[in-house]
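A.B. asks: I'm passing along model39.csv; it holds CSV, C-alpha atoms and all ligand atoms.
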chain,number,residue,atom,x,y,z
A,1,MET,CA,121.8,105.7,-37.7
A,2,LYS,CA,124.2,103.1,-39.1
A,3,ALA,CA,124.5,105.2,-42.2
A,4,ALA,CA,125.3,108.3,-40.0
A,5,VAL,CA,128.1,106.3,-38.3
A,6,LEU,CA,129.5,105.3,-41.7
A,7,GLU,CA,129.2,108.9,-42.9
A,8,LEU,CA,131.3,110.1,-39.9
A,9,LEU,CA,134.0,107.5,-40.7
A,10,LYS,CA,134.0,108.4,-44.3
A,11,LYS,CA,134.5,112.1,-43.5
A,12,ASN,CA,137.6,111.3,-41.6
A,13,PRO,CA,139.5,108.9,-43.9
A,14,GLU,CA,142.9,109.8,-42.5
A,15,SER,CA,142.2,109.7,-38.8
A,16,TYR,CA,140.6,107.7,-36.1
A,17,VAL,CA,137.2,108.8,-34.8
A,18,SER,CA,136.7,107.9,-31.1
A,19,GLY,CA,133.6,106.0,-29.9
A,20,SER,CA,132.8,108.9,-27.6
A,21,GLU,CA,133.0,111.4,-30.4
A,22,ILE,CA,130.6,109.3,-32.5
A,23,SER,CA,128.3,108.9,-29.5
A,24,ARG,CA,128.3,112.6,-28.8
A,25,THR,CA,127.9,113.7,-32.4
A,26,LEU,CA,125.0,111.4,-33.1
A,27,ASP,CA,123.5,111.4,-29.6
A,28,ILE,CA,123.6,107.7,-29.2
A,29,SER,CA,125.0,105.4,-26.5
A,30,ARG,CA,128.5,103.8,-26.8
A,31,THR,CA,126.8,100.4,-27.0
A,32,ALA,CA,124.8,101.6,-30.0
A,33,VAL,CA,128.0,102.9,-31.6
A,34,TRP,CA,129.6,99.5,-31.2
A,35,LYS,CA,126.5,97.7,-32.6
A,36,HIS,CA,126.5,99.8,-35.7
A,37,ILE,CA,130.2,99.2,-36.2
A,38,ARG,CA,129.6,95.5,-35.9
A,39,ALA,CA,126.7,95.6,-38.4
A,40,LEU,CA,128.9,97.6,-40.8
A,41,ARG,CA,131.7,95.0,-40.5
A,42,GLU,CA,129.2,92.3,-41.2
A,43,GLU,CA,128.3,94.1,-44.4
A,44,GLY,CA,131.9,94.0,-45.5
A,45,TYR,CA,133.2,97.4,-44.4
A,46,ARG,CA,136.8,97.1,-43.1
A,47,ILE,CA,136.9,99.1,-39.9
A,48,GLU,CA,140.0,99.2,-37.8
A,49,SER,CA,139.7,99.9,-34.1
A,50,ARG,CA,142.5,101.0,-31.8
A,51,SER,CA,142.1,101.3,-28.1
A,52,ARG,CA,142.0,105.0,-26.9
A,53,ARG,CA,142.0,106.2,-30.5
A,54,GLY,CA,138.7,104.9,-32.0
A,55,TYR,CA,137.7,103.7,-35.4
A,56,ARG,CA,139.0,104.2,-38.9
A,57,LEU,CA,137.5,103.1,-42.2
A,58,ARG,CA,140.0,101.0,-44.2
A,59,GLY,CA,137.9,99.6,-47.0
A,60,VAL,CA,134.4,99.6,-48.4
A,61,PRO,CA,132.8,96.4,-49.7
A,62,ASP,CA,132.3,96.1,-53.5
A,63,LEU,CA,128.6,95.6,-52.9
A,64,LEU,CA,125.9,97.9,-54.0
A,65,ILE,CA,124.2,98.1,-50.6
A,66,PRO,CA,121.9,101.0,-50.0
A,67,GLU,CA,124.4,103.0,-47.9
A,68,GLU,CA,127.0,102.9,-50.8
A,69,VAL,CA,124.5,103.8,-53.5
A,70,ARG,CA,122.6,106.5,-51.7
A,71,ALA,CA,125.8,108.4,-50.6
A,72,GLY,CA,126.0,111.2,-53.2
A,73,LEU,CA,122.9,110.2,-55.1
A,74,THR,CA,121.1,113.5,-56.0
A,75,THR,CA,118.1,112.2,-57.9
A,76,ARG,CA,114.5,113.2,-57.0
A,77,PHE,CA,113.0,109.8,-57.5
A,78,CYS,CA,115.2,107.3,-59.4
A,79,GLY,CA,116.9,105.0,-56.9
A,80,ARG,CA,115.3,106.8,-53.9
A,81,THR,CA,113.5,103.6,-53.0
A,82,TYR,CA,116.2,101.0,-53.4
A,83,TYR,CA,116.2,97.2,-53.0
A,84,HIS,CA,119.4,95.3,-52.9
A,85,TYR,CA,119.7,91.5,-53.2
A,86,PRO,CA,122.8,89.3,-53.3
A,87,LEU,CA,120.9,87.0,-55.7
A,88,LEU,CA,117.6,87.1,-57.6
A,89,ALA,CA,116.2,85.2,-60.5
A,90,SER,CA,115.6,88.5,-62.3
A,91,THR,CA,115.5,92.1,-61.1
A,92,ASN,CA,112.8,92.8,-63.7
A,93,ASP,CA,110.5,90.1,-62.1
A,94,ARG,CA,111.1,91.5,-58.6
A,95,ALA,CA,110.5,95.1,-59.8
A,96,LYS,CA,107.2,94.0,-61.4
A,97,GLU,CA,106.0,92.4,-58.2
A,98,LEU,CA,106.9,95.6,-56.3
A,99,ALA,CA,105.3,97.8,-58.9
A,100,TRP,CA,102.0,95.8,-58.5
A,101,GLN,CA,102.3,96.3,-54.8
A,102,GLY,CA,102.3,100.1,-55.4
A,103,ALA,CA,106.1,100.8,-55.3
A,104,PRO,CA,106.7,104.5,-56.1
A,105,GLU,CA,108.1,105.8,-59.4
A,106,GLY,CA,111.9,105.4,-59.5
A,107,THR,CA,112.0,102.3,-57.3
A,108,THR,CA,115.1,100.5,-58.2
A,109,VAL,CA,115.9,96.8,-57.7
A,110,LEU,CA,119.4,95.6,-57.9
A,111,ALA,CA,120.9,92.1,-57.7
A,112,GLU,CA,124.6,91.3,-57.3
A,113,GLU,CA,123.9,88.2,-59.4
A,114,GLN,CA,120.9,86.9,-61.3
A,115,SER,CA,120.2,83.2,-61.7
A,116,GLY,CA,117.5,83.7,-64.4
A,117,GLY,CA,118.4,87.0,-66.0
A,118,ARG,CA,116.3,87.7,-69.0
A,119,GLY,CA,117.2,89.4,-72.3
A,120,ARG,CA,115.2,90.5,-75.2
A,121,LEU,CA,113.4,88.0,-77.5
A,122,GLY,CA,113.1,85.5,-74.8
A,123,ARG,CA,116.8,85.0,-74.4
A,124,SER,CA,118.6,84.4,-71.1
A,125,TRP,CA,121.1,87.0,-69.8
A,126,HIS,CA,124.4,85.9,-68.3
A,127,SER,CA,124.5,87.8,-65.0
A,128,PRO,CA,127.4,86.9,-62.7
A,129,ARG,CA,128.8,89.0,-59.8
A,130,GLY,CA,130.7,92.1,-60.9
A,131,GLY,CA,128.1,93.4,-63.4
A,132,LEU,CA,125.3,96.0,-62.9
A,133,TRP,CA,122.0,94.2,-63.1
A,134,PHE,CA,119.1,96.5,-62.1
A,135,SER,CA,115.5,97.5,-62.9
A,136,VAL,CA,113.7,100.8,-62.4
A,137,VAL,CA,109.9,101.2,-62.0
A,138,LEU,CA,108.5,104.1,-64.1
A,139,ARG,CA,104.9,105.3,-64.2
A,140,PRO,CA,104.5,107.6,-67.2
A,141,ALA,CA,101.0,108.9,-67.9
A,142,LEU,CA,101.2,107.8,-71.5
A,143,PRO,CA,99.4,105.2,-73.7
A,144,PRO,CA,100.9,101.8,-74.0
A,145,VAL,CA,101.9,102.2,-77.6
A,146,ARG,CA,104.5,104.7,-76.5
A,147,ALA,CA,106.1,102.2,-74.0
A,148,PRO,CA,108.9,101.2,-76.4
A,149,GLU,CA,110.2,104.8,-76.3
A,150,ALA,CA,111.3,104.2,-72.7
A,151,THR,CA,114.0,101.8,-74.0
A,152,PHE,CA,115.4,104.6,-76.1
A,153,VAL,CA,115.3,106.9,-73.0
A,154,ALA,CA,117.4,104.4,-71.1
A,155,ALA,CA,119.7,103.8,-74.0
A,156,VAL,CA,120.5,107.5,-74.4
A,157,ALA,CA,121.0,107.8,-70.6
A,158,GLY,CA,123.3,104.8,-70.4
A,159,THR,CA,125.4,106.0,-73.4
A,160,ASP,CA,125.8,109.5,-71.9
A,161,VAL,CA,127.3,107.9,-68.8
A,162,LEU,CA,129.4,105.4,-70.6
A,163,ARG,CA,130.9,107.9,-73.0
A,164,THR,CA,131.6,110.3,-70.1
A,165,CYS,CA,133.1,107.8,-67.7
A,166,LEU,CA,135.1,105.9,-70.4
A,167,GLU,CA,136.1,109.1,-72.1
A,168,THR,CA,135.3,107.8,-75.6
A,169,ASP,CA,132.7,108.3,-78.2
A,170,GLU,CA,133.3,104.8,-79.4
A,171,ILE,CA,130.4,103.7,-77.2
A,172,GLY,CA,127.3,103.5,-79.4
A,173,ILE,CA,123.8,102.0,-79.5
A,174,LYS,CA,122.9,99.2,-81.8
A,175,TRP,CA,119.2,99.3,-82.6
A,176,PRO,CA,117.2,99.1,-80.6
A,177,ASN,CA,118.9,98.8,-77.2
A,178,ASP,CA,122.4,97.3,-77.2
A,179,PHE,CA,125.3,99.2,-75.8
A,180,VAL,CA,128.2,98.4,-78.0
A,181,TRP,CA,132.0,99.2,-78.2
A,182,ARG,CA,133.9,98.3,-81.4
A,183,GLY,CA,131.2,95.8,-82.4
A,184,LYS,CA,131.1,94.0,-79.1
A,185,LYS,CA,128.2,94.1,-76.7
A,186,LEU,CA,128.6,95.9,-73.4
A,187,GLY,CA,125.1,95.8,-72.1
A,188,GLY,CA,121.4,95.8,-73.0
A,189,ILE,CA,117.9,97.0,-71.9
A,190,LEU,CA,114.8,95.0,-71.3
A,191,THR,CA,111.6,97.2,-70.9
A,192,GLU,CA,108.4,95.5,-69.8
A,193,LEU,CA,105.0,97.0,-69.7
A,194,SER,CA,101.9,96.6,-67.6
A,195,GLY,CA,99.0,98.6,-68.8
A,196,GLU,CA,95.4,98.9,-70.0
A,197,LEU,CA,94.3,99.7,-73.5
A,198,ASP,CA,94.7,103.4,-73.1
A,199,ARG,CA,97.2,103.9,-70.3
A,200,ILE,CA,100.4,102.5,-69.0
A,201,ASN,CA,100.1,101.3,-65.4
A,202,HIS,CA,103.8,100.9,-65.0
A,203,LEU,CA,107.0,100.2,-66.9
A,204,VAL,CA,110.0,98.2,-65.7
A,205,VAL,CA,113.2,99.2,-67.4
A,206,GLY,CA,115.8,96.6,-66.8
A,207,ILE,CA,119.4,97.5,-67.5
A,208,GLY,CA,122.3,95.0,-67.7
A,209,LEU,CA,125.9,96.3,-68.0
A,210,ASN,CA,129.0,94.2,-68.0
A,211,VAL,CA,131.1,96.2,-65.6
A,212,ASN,CA,133.8,94.5,-63.6
A,213,LEU,CA,133.8,91.3,-65.6
A,214,ASP,CA,136.3,89.4,-67.7
A,215,PRO,CA,134.7,88.8,-71.2
A,216,GLY,CA,137.0,85.9,-71.7
A,217,ALA,CA,135.2,84.1,-68.8
A,218,PHE,CA,131.8,84.4,-70.4
A,219,PRO,CA,130.5,81.1,-71.6
A,220,ALA,CA,130.6,80.2,-75.3
A,221,PRO,CA,129.2,81.5,-77.6
A,222,LEU,CA,129.1,84.8,-75.8
A,223,SER,CA,132.9,85.2,-75.1
A,224,GLY,CA,134.4,86.9,-78.1
A,225,THR,CA,131.2,88.8,-78.8
A,226,VAL,CA,131.0,90.8,-75.5
A,227,THR,CA,133.1,93.3,-73.8
A,228,SER,CA,133.0,95.0,-70.4
A,229,VAL,CA,133.8,98.4,-68.8
A,230,GLN,CA,136.7,96.8,-67.1
A,231,GLU,CA,138.1,95.6,-70.4
A,232,ILE,CA,137.7,99.0,-72.0
A,233,ARG,CA,139.1,100.9,-69.0
A,234,GLY,CA,141.9,98.5,-68.3
A,235,ARG,CA,141.0,98.1,-64.7
A,236,PRO,CA,137.9,97.5,-62.4
A,237,VAL,CA,135.8,100.6,-61.7
A,238,SER,CA,133.4,101.7,-59.0
A,239,ARG,CA,130.1,100.1,-59.8
A,240,ALA,CA,128.3,102.4,-57.3
A,241,ASN,CA,129.6,105.4,-59.3
A,242,TYR,CA,128.2,104.0,-62.6
A,243,LEU,CA,124.9,103.1,-61.0
A,244,ARG,CA,124.4,106.6,-59.5
A,245,ARG,CA,125.3,108.2,-62.7
A,246,ILE,CA,123.0,106.1,-64.8
A,247,LEU,CA,120.1,106.7,-62.3
A,248,THR,CA,120.7,110.4,-62.6
A,249,ALA,CA,120.9,110.4,-66.4
A,250,LEU,CA,117.8,108.1,-66.6
A,251,GLU,CA,115.8,110.6,-64.5
A,252,ARG,CA,117.0,113.5,-66.5
A,253,TRP,CA,116.1,111.9,-69.9
A,254,TYR,CA,112.9,110.6,-68.5
A,255,LEU,CA,111.8,114.1,-67.5
A,256,VAL,CA,112.8,115.4,-71.0
A,257,TRP,CA,110.7,112.7,-72.6
A,258,LEU,CA,107.7,113.5,-70.4
A,259,ALA,CA,108.0,117.3,-70.9
A,260,ASP,CA,109.1,117.5,-74.6
A,261,GLY,CA,108.1,114.2,-76.1
A,262,PHE,CA,110.1,111.5,-78.0
A,263,ALA,CA,111.7,113.9,-80.5
A,264,PRO,CA,114.7,115.1,-78.4
A,265,VAL,CA,115.3,111.5,-77.1
A,266,LEU,CA,115.3,110.2,-80.7
A,267,ALA,CA,117.6,112.9,-81.8
A,268,ALA,CA,120.2,112.0,-79.1
A,269,TRP,CA,119.7,108.3,-79.9
A,270,LYS,CA,120.6,109.0,-83.6
A,271,ARG,CA,123.7,110.9,-82.5
A,272,TYR,CA,124.7,107.8,-80.5
A,273,ASN,CA,123.6,105.1,-83.0
A,274,ALA,CA,126.1,102.6,-84.2
A,275,CYS,CA,124.0,101.1,-87.0
A,276,LEU,CA,122.5,103.7,-89.3
A,277,ASP,CA,124.0,104.1,-92.9
A,278,ARG,CA,125.3,100.6,-92.7
A,279,ASN,CA,124.6,97.4,-94.6
A,280,LEU,CA,123.3,94.7,-92.2
A,281,ARG,CA,121.2,91.7,-91.7
A,282,VAL,CA,118.1,91.7,-89.5
A,283,SER,CA,116.6,88.6,-88.0
A,284,THR,CA,112.9,89.3,-87.6
A,285,PRO,CA,110.0,87.0,-86.5
A,286,GLU,CA,109.1,86.8,-90.2
A,287,GLY,CA,112.6,85.7,-91.3
A,288,GLU,CA,116.0,87.3,-92.1
A,289,LEU,CA,116.3,90.4,-94.2
A,290,ALA,CA,119.4,92.1,-95.6
A,291,GLY,CA,119.6,95.8,-96.4
A,292,ARG,CA,120.9,99.2,-95.4
A,293,ALA,CA,119.7,100.8,-92.2
A,294,VAL,CA,118.6,104.2,-93.4
A,295,ASP,CA,116.8,105.7,-90.4
A,296,VAL,CA,114.7,105.2,-87.3
A,297,ASP,CA,111.1,106.2,-87.5
A,298,ARG,CA,109.3,108.7,-85.2
A,299,ASP,CA,108.2,105.7,-83.1
A,300,GLY,CA,111.5,104.0,-83.0
A,301,ALA,CA,111.0,101.4,-85.8
A,302,LEU,CA,114.1,100.7,-87.9
A,303,LEU,CA,113.8,101.7,-91.6
A,304,LEU,CA,115.6,99.2,-93.7
A,305,ASP,CA,116.3,99.8,-97.4
A,306,LEU,CA,116.0,96.5,-99.2
A,307,GLY,CA,117.2,98.0,-102.5
A,308,GLY,CA,114.5,100.5,-103.3
A,309,GLU,CA,111.8,99.2,-100.9
A,310,ILE,CA,111.8,100.6,-97.4
A,311,ARG,CA,110.7,98.1,-94.8
A,312,ARG,CA,109.8,99.1,-91.2
A,313,ILE,CA,111.2,96.8,-88.6
A,314,VAL,CA,109.5,96.9,-85.3
A,315,THR,CA,111.3,94.0,-83.6
A,316,GLY,CA,114.4,92.0,-84.4
A,317,GLU,CA,118.1,91.7,-84.0
A,318,LEU,CA,120.7,93.3,-86.1
A,319,PHE,CA,123.9,91.8,-87.4
A,320,MET,CA,126.3,94.3,-88.9
A,321,GLU,CA,129.0,93.6,-91.4
A,322,GLY,CA,132.2,93.2,-89.3
A,323,ASP,CA,130.2,92.2,-86.2
A,324,VAL,CA,132.1,89.8,-84.0
A,325,GLY,CA,130.1,86.6,-83.5
A,401,LIG,C1,119.1,92.4,-74.0
A,401,LIG,O1,120.0,93.0,-74.6
A,401,LIG,O2,118.7,91.4,-74.5
A,401,LIG,C2,118.5,93.0,-72.8
A,401,LIG,C3,119.2,92.5,-71.5
A,401,LIG,C4,118.6,93.1,-70.2
A,401,LIG,C5,119.3,92.5,-69.0
A,401,LIG,C6,118.8,93.2,-67.8
A,401,LIG,S1,119.8,92.8,-66.3
A,401,LIG,C7,118.7,93.5,-65.3
A,401,LIG,C8,117.3,93.2,-65.8
A,401,LIG,N1,116.9,91.9,-65.3
A,401,LIG,C9,116.7,91.0,-66.2
A,401,LIG,O3,116.3,89.8,-66.0
A,401,LIG,N2,117.0,91.5,-67.4
A,401,LIG,C10,117.4,92.9,-67.3
Produce structure tokens that represent the structure in this file.
C.D. replies:
Amino acid sequence: MKAAVLELLKKNPESYVSGSEISRTLDISRTAVWKHIRALREEGYRIESRSRRGYRLRGVPDLLIPEEVRAGLTTRFCGRTYYHYPLLASTNDRAKELAWQGAPEGTTVLAEEQSGGRGRLGRSWHSPRGGLWFSVVLRPALPPVRAPEATFVAAVAGTDVLRTCLETDEIGIKWPNDFVWRGKKLGGILTELSGELDRINHLVVGIGLNVNLDPGAFPAPLSGTVTSVQEIRGRPVSRANYLRRILTALERWYLVWLADGFAPVLAAWKRYNACLDRNLRVSTPEGELAGRAVDVDRDGALLLDLGGEIRRIVTGELFMEGDVG
């Protein structure tokens, strides 16, 4: 009902809506109207009240609370079950707990801030307020060997949204899962799997995106190697808009993956890639290699030409010539 009160105020941005009108429209008491207004104010909505005129919405909080995210979200399942936290150690960890407890497919966990955000290869992930840090539970009926493909699904979905919203095709994907702009990192994806030998139980796809952040304020050695949506755009943006769009694109590409397999996802990934046909170094668990990235295999492995010999790289980190940092 609180959401319905908010909806009414949002529909009338230019005028006051009286308490009696809200009470009549929603069939609730005047006391209930007042309680919902108070609860909304506590969440950070700026609601002006004038005697004999009513209430008027003056400002929405820059928090990704359910009411803000759900308004205008048209997905079937991604983000439909939504958990919002001011602070978590890691959204991936919370999403995994919820998945074990039976959370439905598409369940999304978002934290305004993470104190123990995790990146790939056991790294930590700097996650202050102002970014988008969230994880989505997926339950594809596929064998575990295909789980890494989900990272490509999320990478393509995220790039679609970033390119559209930022109106530039300079956003690319650095293998396997970094969102980059002009060689600087804008975000990343951490996919984690729970499964048996022959079937995935659930996947948790964690997406981290530097949105309304000042890259200069990142701790060394990150600052200088990272960028943010705010930096590219030149001003802060609506994080709720980016979140809704990414959830929508993620659901769309996930359904393509389930219906048509990995090929269309990989084709889109190749269009968006920022690393093929380039000389680079790859740090792998077996050591560092230098070569030319020539292709990505049918299963997502990077094919590196070491000067005649083609090596398949399944896990590692790329450093491209001209990379910052
Ligand atoms: C990487 O590029 O190393 C992957 C970074 C993934 C970060 C996101 S933020 C939301 C989710 N929760 C985490 O602890 N990590 C992922």
A.B. asks: Have a look at A:Pro219, A:Asn177, A:Gly208, A:Ala3 and name the one nearest to Ala301 in chain A; count all atoms listed in the file.
C.D. replies: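 Closest residue, counting all atoms listed in the file: A:Asn177.
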A.B. asks: Pick the closest to Gly59 in chain A from A:Leu306, A:Leu250, A:Leu6, A:Val17: which is it, counting all atoms listed in the file?
C.D. replies: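 Between A:Leu306, A:Leu250, A:Leu6, A:Val17, the residue approaching Gly59 in chain A most closely is A:Leu6.
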A.B. asks: For Lys270 in chain A, which of A:Val296, A:Ala111, A:Met320, A:Val60 is the closest residue, counting only C-alpha atoms?
C.D. replies: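 Looking at the shortest contact to Lys270 in chain A, the residue is A:Val296.
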A.B. asks: What residues have any atom no more than 6 Å from ligand LIG 401 (chain A) when counting only C-alpha atoms and all ligand atoms, and can you list them as an MDAnalysis selection string?
C.D. replies: chainID A and resid 90:92 117:120 125 133:135 178 188:190 206:208
A.B. asks: Could you tell me which of A:Ile47, A:Val256, A:Val294, A:Leu162 comes closest to Arg233 in chain A if we count all atoms listed in the file?
C.D. replies: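 For Arg233 in chain A, the nearest of the given residues is A:Leu162.
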A.B. asks: Could I get range 248-258 of chain A rebuilt with all heavy atoms, written as a short mmCIF file (atom, residue, chain, number, x, y, z; two decimals), keeping the file's coordinate frame?
C.D. replies:
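selection.cif written:
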data_model
loop_
_atom_site.label_atom_id
_atom_site.label_comp_id
_atom_site.auth_asym_id
_atom_site.auth_seq_id
_atom_site.Cartn_x
_atom_site.Cartn_y
_atom_site.Cartn_z
N THR A 248 120.86 108.93 -62.39
CA THR A 248 120.70 110.40 -62.60
C THR A 248 120.40 110.72 -64.02
O THR A 248 119.50 111.51 -64.30
CB THR A 248 122.05 111.09 -62.14
OG1 THR A 248 122.38 110.65 -60.83
CG2 THR A 248 121.91 112.60 -62.17
N ALA A 249 121.13 110.10 -64.95
CA ALA A 249 120.90 110.40 -66.40
C ALA A 249 119.52 109.85 -66.80
O ALA A 249 118.82 110.49 -67.60
CB ALA A 249 121.99 109.75 -67.22
N LEU A 250 119.14 108.71 -66.25
CA LEU A 250 117.80 108.10 -66.60
C LEU A 250 116.72 109.10 -66.14
O LEU A 250 115.78 109.37 -66.90
CB LEU A 250 117.66 106.78 -65.91
CG LEU A 250 116.37 106.04 -66.21
CD1 LEU A 250 116.26 105.69 -67.69
CD2 LEU A 250 116.27 104.75 -65.36
N GLU A 251 116.84 109.63 -64.95
CA GLU A 251 115.80 110.60 -64.50
C GLU A 251 115.77 111.81 -65.34
O GLU A 251 114.70 112.29 -65.71
CB GLU A 251 116.10 110.93 -63.00
CG GLU A 251 115.09 111.90 -62.43
CD GLU A 251 115.27 112.10 -60.93
OE1 GLU A 251 115.12 111.14 -60.16
OE2 GLU A 251 115.58 113.25 -60.53
N ARG A 252 116.95 112.31 -65.71
CA ARG A 252 117.00 113.50 -66.50
C ARG A 252 116.34 113.30 -67.88
O ARG A 252 115.48 114.06 -68.30
CB ARG A 252 118.48 113.95 -66.71
CG ARG A 252 118.63 115.35 -67.27
CD ARG A 252 120.08 115.77 -67.35
NE ARG A 252 120.86 114.96 -68.28
CZ ARG A 252 121.90 114.22 -67.93
NH1 ARG A 252 122.31 114.19 -66.68
NH2 ARG A 252 122.55 113.52 -68.84
N TRP A 253 116.70 112.20 -68.56
CA TRP A 253 116.10 111.90 -69.90
C TRP A 253 114.65 111.57 -69.81
O TRP A 253 113.88 111.88 -70.72
CB TRP A 253 116.93 110.86 -70.61
CG TRP A 253 118.16 111.41 -71.26
CD1 TRP A 253 119.44 111.28 -70.84
CD2 TRP A 253 118.21 112.24 -72.43
NE1 TRP A 253 120.29 111.95 -71.68
CE2 TRP A 253 119.56 112.55 -72.66
CE3 TRP A 253 117.24 112.75 -73.29
CZ2 TRP A 253 119.98 113.34 -73.73
CZ3 TRP A 253 117.65 113.54 -74.36
CH2 TRP A 253 119.00 113.82 -74.57
N TYR A 254 114.27 110.92 -68.73
CA TYR A 254 112.90 110.60 -68.50
C TYR A 254 112.02 111.85 -68.43
O TYR A 254 110.96 111.97 -69.04
CB TYR A 254 112.74 109.72 -67.27
CG TYR A 254 111.33 109.32 -66.89
CD1 TYR A 254 110.56 108.52 -67.73
CD2 TYR A 254 110.77 109.74 -65.69
CE1 TYR A 254 109.27 108.14 -67.38
CE2 TYR A 254 109.49 109.37 -65.32
CZ TYR A 254 108.74 108.58 -66.17
OH TYR A 254 107.46 108.20 -65.82
N LEU A 255 112.55 112.82 -67.69
CA LEU A 255 111.80 114.10 -67.50
C LEU A 255 111.76 114.86 -68.87
O LEU A 255 110.77 115.51 -69.18
CB LEU A 255 112.42 114.93 -66.41
CG LEU A 255 112.24 114.30 -65.01
CD1 LEU A 255 112.99 115.09 -63.95
CD2 LEU A 255 110.76 114.19 -64.64
N VAL A 256 112.83 114.77 -69.65
CA VAL A 256 112.80 115.40 -71.00
C VAL A 256 111.73 114.74 -71.83
O VAL A 256 110.93 115.41 -72.50
CB VAL A 256 114.20 115.23 -71.68
CG1 VAL A 256 114.13 115.60 -73.16
CG2 VAL A 256 115.27 116.06 -70.97
N TRP A 257 111.68 113.42 -71.79
CA TRP A 257 110.70 112.70 -72.60
C TRP A 257 109.26 113.09 -72.18
O TRP A 257 108.42 113.35 -73.05
CB TRP A 257 110.91 111.17 -72.30
CG TRP A 257 110.02 110.21 -73.00
CD1 TRP A 257 109.62 110.26 -74.30
CD2 TRP A 257 109.41 109.03 -72.44
NE1 TRP A 257 108.81 109.17 -74.59
CE2 TRP A 257 108.67 108.40 -73.46
CE3 TRP A 257 109.44 108.43 -71.18
CZ2 TRP A 257 107.95 107.21 -73.26
CZ3 TRP A 257 108.75 107.24 -70.98
CH2 TRP A 257 108.01 106.65 -72.01
N LEU A 258 109.01 113.17 -70.87
CA LEU A 258 107.70 113.50 -70.40
C LEU A 258 107.32 114.97 -70.81
O LEU A 258 106.20 115.27 -71.21
CB LEU A 258 107.53 113.39 -68.90
CG LEU A 258 107.64 111.98 -68.32
CD1 LEU A 258 107.32 111.98 -66.83
CD2 LEU A 258 106.72 110.99 -69.05
#
